[in-house]
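Here is the structure we will look at, set down as structure tokens.
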Amino acid sequence: MPELPEVETVKNDLAPFVVGQRITGLTILWEGIVRSPSVREFREGLVGQQITGLARRAKYLLFQLGSGDTLVAHLKMSGALLVATPDDLGKYIRAVIHLEGDRKVYFRDPRKFARMMLVHDVASVVGKLGPEPLESSFTADVLGRLLDRHKAPLKAVLLDQELIAGLGNMYADEALFAARISPLRPANSLSGLEVKRLHRAIRDVLRLGITNKGASEVTYFRPSGEMGKAFEDFKVAHRHDAACPRCGTPIRRIKLRGRGTYFCPRCQGVA
Ligand SMILES: [Zn+2]
């Protein structure tokens, strides 16, 4: 599932291809991909508009349009925005955005959870999200204060987009391993030192993920169709039964609130 580093990579790769371009047409191959407004209104609001900017907030891609409206896209479980369709990725295209000069952006999504919306006020979609963890305003103090307000398991709190934006299952596991803290600890039980370690770990794993252009597990692809290499540097995420790179103990996987959670029981102090 695309998380902050994957969506940031899509934004960075796609921006030079789309920003400044006018939308000349729209092909909808599966109407469910348009969440709001109606497909007719969506098309009318989009076609003829220039894309003036492309931004990311949490896991949302925000295409700013000349009209002042914003095209919001969320890749959800398996979405990809492709500028070319290599042979093996031609299936599962749900929509095509046509641009000037015969450029096309293909919205591929095998599992049909991905969505697009056209909104006047982008705050109606992203207004309630928590802080961006890579911004300078996201300090260890900010993290400590928000963890202090919650006694739920730490991992579940880290995944709550209204508390911290953009962190998902893979990078939360990686951050907790790097900080050597159990995913099961109550969020408000961390010492000041542990909060500092976790804060640094969150930023480090996200930055490394972006450097590696995201993690292609199964269905995430860069707009070029290339894979992201971030999973090659994962220490615990999706590495069930592999040895902990720090101590050699087998990595364990449990379900925590329905999400597969990977950790080293020894390094992270899980009994
Ligand atoms: Zn270990």
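Chain lettering (A, B, ...) mirrors the order of the structure tokens, residue numbering begins at 1 for each chain separately, and ligand numbering begins at 1 in order of display.
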At most 10 Å from ligand 1 (only C-alpha atoms and all ligand atoms): residue list as a ChimeraX atom specification:
/A:177,180,235-236,243-251,263-269
Name the residues in contact with Leu158 (chain A) at a cut-off of 9 Å, using only C-alpha atoms, excluding same-chain residues fewer than 4 positions from it; report them as a PyMOL selection string.
chain A and resi 147+153-154+163-165+167-169+172+187
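Separating CA of Leu26 (chain A) from CA of Leu4 (chain A) is a distance of 27.0 Å.
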From A:Val125, A:Ala175, A:Leu118, A:Met227, residue lying nearest Leu208 (chain A) [only C-alpha atoms]:
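Among A:Val125, A:Ala175, A:Leu118, A:Met227, it is A:Ala175 that comes nearest to Leu208 (chain A).
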When you look at region 79-83 of chain A with a cut-off of 8 Å (counting only C-alpha atoms), what residues show up, excluding the ones that are within fewer than 4 positions of it in the same chain? I need them as a ChimeraX atom specification.
/A:2,10,14,74-75,103-114,219-225
Excluding His240 (chain A) and any residue of its chain fewer than 2 positions from it, enumerate the residues within 7 Å of it, using only C-alpha atoms, and give them as an MDAnalysis selection string.
chainID A and resid 238 242 251:253 262
Selection to disk with N, CA and C atoms, as an mmCIF file, in the first residue's frame:
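See result-v3.cif below for the written result:
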data_model
loop_
_atom_site.group_PDB
_atom_site.id
_atom_site.type_symbol
_atom_site.label_atom_id
_atom_site.label_comp_id
_atom_site.auth_asym_id
_atom_site.auth_seq_id
_atom_site.Cartn_x
_atom_site.Cartn_y
_atom_site.Cartn_z
ATOM 1 N N HIS A 238 7.500 -6.966 6.263
ATOM 2 C CA HIS A 238 7.322 -8.042 5.282
ATOM 3 C C HIS A 238 8.473 -9.044 5.304
ATOM 4 N N ALA A 242 12.552 -14.038 8.610
ATOM 5 C CA ALA A 242 13.941 -13.671 8.341
ATOM 6 C C ALA A 242 14.612 -13.392 9.689
ATOM 7 N N ILE A 251 12.383 -12.676 12.928
ATOM 8 C CA ILE A 251 11.373 -11.616 12.924
ATOM 9 C C ILE A 251 10.002 -12.257 13.139
ATOM 10 N N ARG A 252 9.183 -11.638 13.971
ATOM 11 C CA ARG A 252 7.849 -12.170 14.200
ATOM 12 C C ARG A 252 6.787 -11.296 13.543
ATOM 13 N N ARG A 253 5.667 -11.949 13.200
ATOM 14 C CA ARG A 253 4.540 -11.223 12.631
ATOM 15 C C ARG A 253 3.314 -11.519 13.474
ATOM 16 N N TYR A 262 5.234 -6.447 12.004
ATOM 17 C CA TYR A 262 6.507 -7.182 12.036
ATOM 18 C C TYR A 262 7.442 -6.528 13.032
#
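Note that DSSP on the backbone gives strand (DSSP E or B) to these residues of region 108-200 of chain A: Arg108, Arg115, Met116, Met117, Leu118, Val119, Pro153 and Pro186 of chain A.
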In terms of the shortest atom-to-atom distance over only C-alpha atoms, which of A:Tyr60, A:Glu226, A:Ser136, A:Phe234 is closest to Lys11 (chain A)?
A:Tyr60
Counting only C-alpha atoms, which residue out of A:Gly25, A:Gly101, A:Pro5, A:Pro186 sits closest to Val157 (chain A)?
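So, comparing all the options, the nearest one is A:Pro186.
For the set A:Arg56, A:Leu198, A:Ala179, A:Gln161, the residue with the smallest atom-to-atom gap to Pro131 (chain A) is A:Gln161, counting only C-alpha atoms.
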My list of candidates is A:Ala201, A:Leu184, A:Ala156, A:Ala58. Which is closest to Glu132 (chain A) when distances are computed with only C-alpha atoms?
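Answer, going by the shortest atom-to-atom distance: A:Ala58.
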Per DSSP on the backbone, what are the helix (DSSP H, G or I) residues of region 20-242 of chain A, as a PDB file with C-alpha atoms, in the first residue's frame?
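Once written, states.pdb looks like this:
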ATOM      1  CA  GLU A  31     -16.932   4.887 -13.088  1.00  0.00           C
ATOM      2  CA  GLY A  32     -16.369   3.883  -9.461  1.00  0.00           C
ATOM      3  CA  ILE A  33     -12.968   5.543  -9.520  1.00  0.00           C
ATOM      4  CA  VAL A  39     -18.743  11.602 -13.527  1.00  0.00           C
ATOM      5  CA  ARG A  40     -20.358  14.240 -15.774  1.00  0.00           C
ATOM      6  CA  GLU A  41     -19.503  17.117 -13.443  1.00  0.00           C
ATOM      7  CA  PHE A  42     -16.047  15.673 -12.836  1.00  0.00           C
ATOM      8  CA  ARG A  43     -15.365  15.655 -16.560  1.00  0.00           C
ATOM      9  CA  GLU A  44     -16.743  19.186 -17.057  1.00  0.00           C
ATOM     10  CA  GLY A  45     -14.607  20.522 -14.213  1.00  0.00           C
ATOM     11  CA  LEU A  46     -11.462  18.865 -15.504  1.00  0.00           C
ATOM     12  CA  ASP A  87       2.922  -4.502 -21.634  1.00  0.00           C
ATOM     13  CA  ASP A  88       2.511  -6.171 -18.272  1.00  0.00           C
ATOM     14  CA  LEU A  89       0.812  -3.119 -16.713  1.00  0.00           C
ATOM     15  CA  GLU A 100      -1.661  18.334 -24.586  1.00  0.00           C
ATOM     16  CA  GLY A 101       0.890  16.861 -26.970  1.00  0.00           C
ATOM     17  CA  ASP A 102      -0.686  13.397 -26.744  1.00  0.00           C
ATOM     18  CA  ALA A 123      -9.451  21.480   3.261  1.00  0.00           C
ATOM     19  CA  SER A 124     -12.692  19.516   3.021  1.00  0.00           C
ATOM     20  CA  VAL A 125     -10.517  16.471   2.268  1.00  0.00           C
ATOM     21  CA  VAL A 126      -7.205  17.103   4.019  1.00  0.00           C
ATOM     22  CA  ALA A 140      10.044  15.416  19.159  1.00  0.00           C
ATOM     23  CA  ASP A 141       7.966  17.588  21.522  1.00  0.00           C
ATOM     24  CA  VAL A 142       5.046  17.586  19.074  1.00  0.00           C
ATOM     25  CA  LEU A 143       5.273  13.789  18.792  1.00  0.00           C
ATOM     26  CA  GLY A 144       5.519  13.402  22.573  1.00  0.00           C
ATOM     27  CA  ARG A 145       2.449  15.538  23.201  1.00  0.00           C
ATOM     28  CA  LEU A 146       0.303  13.625  20.728  1.00  0.00           C
ATOM     29  CA  LEU A 147       1.430  10.230  22.047  1.00  0.00           C
ATOM     30  CA  ASP A 148       0.691  11.358  25.606  1.00  0.00           C
ATOM     31  CA  LEU A 154       1.757   2.636  19.762  1.00  0.00           C
ATOM     32  CA  LYS A 155       1.567   1.120  16.280  1.00  0.00           C
ATOM     33  CA  ALA A 156      -2.168   1.864  16.006  1.00  0.00           C
ATOM     34  CA  VAL A 157      -1.601   5.473  17.076  1.00  0.00           C
ATOM     35  CA  LEU A 158       1.177   5.905  14.489  1.00  0.00           C
ATOM     36  CA  LEU A 159      -1.202   4.758  11.734  1.00  0.00           C
ATOM     37  CA  ASN A 169       1.967  -0.113   7.960  1.00  0.00           C
ATOM     38  CA  MET A 170       5.429  -0.675   6.481  1.00  0.00           C
ATOM     39  CA  TYR A 171       7.180   2.479   7.654  1.00  0.00           C
ATOM     40  CA  ALA A 172       5.584   2.342  11.112  1.00  0.00           C
ATOM     41  CA  ASP A 173       7.081  -1.147  11.588  1.00  0.00           C
ATOM     42  CA  GLU A 174      10.457   0.059  10.310  1.00  0.00           C
ATOM     43  CA  ALA A 175      10.429   3.126  12.575  1.00  0.00           C
ATOM     44  CA  LEU A 176       9.525   1.081  15.677  1.00  0.00           C
ATOM     45  CA  PHE A 177      12.319  -1.392  14.925  1.00  0.00           C
ATOM     46  CA  ALA A 178      14.845   1.413  14.390  1.00  0.00           C
ATOM     47  CA  ALA A 179      13.761   2.994  17.694  1.00  0.00           C
ATOM     48  CA  ALA A 187       1.417   5.216  23.249  1.00  0.00           C
ATOM     49  CA  ASN A 188       1.452   7.299  26.448  1.00  0.00           C
ATOM     50  CA  SER A 189       3.978   5.023  28.199  1.00  0.00           C
ATOM     51  CA  GLY A 192      11.265  11.206  26.858  1.00  0.00           C
ATOM     52  CA  LEU A 193      14.308   9.408  25.498  1.00  0.00           C
ATOM     53  CA  GLU A 194      12.144   6.853  23.684  1.00  0.00           C
ATOM     54  CA  VAL A 195      10.057   9.626  22.127  1.00  0.00           C
ATOM     55  CA  LYS A 196      13.256  11.247  20.847  1.00  0.00           C
ATOM     56  CA  ARG A 197      14.452   7.920  19.376  1.00  0.00           C
ATOM     57  CA  LEU A 198      11.090   7.284  17.738  1.00  0.00           C
ATOM     58  CA  HIS A 199      10.919  10.809  16.320  1.00  0.00           C
ATOM     59  CA  ARG A 200      14.335  10.437  14.719  1.00  0.00           C
ATOM     60  CA  ALA A 201      13.493   6.906  13.475  1.00  0.00           C
ATOM     61  CA  ILE A 202      10.228   8.028  11.817  1.00  0.00           C
ATOM     62  CA  ARG A 203      12.029  10.751   9.897  1.00  0.00           C
ATOM     63  CA  ASP A 204      14.989   8.524   9.000  1.00  0.00           C
ATOM     64  CA  VAL A 205      12.896   5.650   7.592  1.00  0.00           C
ATOM     65  CA  LEU A 206      10.661   8.013   5.591  1.00  0.00           C
ATOM     66  CA  ARG A 207      13.656   9.858   4.152  1.00  0.00           C
ATOM     67  CA  LEU A 208      15.351   6.570   3.214  1.00  0.00           C
ATOM     68  CA  GLY A 209      12.083   5.408   1.609  1.00  0.00           C
ATOM     69  CA  ILE A 210      11.967   8.561  -0.531  1.00  0.00           C
ATOM     70  CA  THR A 211      15.647   8.189  -1.474  1.00  0.00           C
ATOM     71  CA  ALA A 230      12.860   0.763  -0.589  1.00  0.00           C
ATOM     72  CA  PHE A 231      11.864  -2.782   0.393  1.00  0.00           C
ATOM     73  CA  GLU A 232      15.463  -3.899  -0.178  1.00  0.00           C
ATOM     74  CA  ASP A 233      16.436  -1.849   2.865  1.00  0.00           C
TER      75      ASP A 233
END
Figure out the distance between CA of Thr70 (chain A) and CA of Val18 (chain A), please, to one decimal in Å.
13.9 Å
Restricting the calculation to only C-alpha atoms: of A:Met1, A:Leu256, A:Val7, A:Ile23, which residue gets closest to Lys59 (chain A)?
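Once distances to Lys59 (chain A) are computed over only C-alpha atoms, the minimum belongs to A:Val7.
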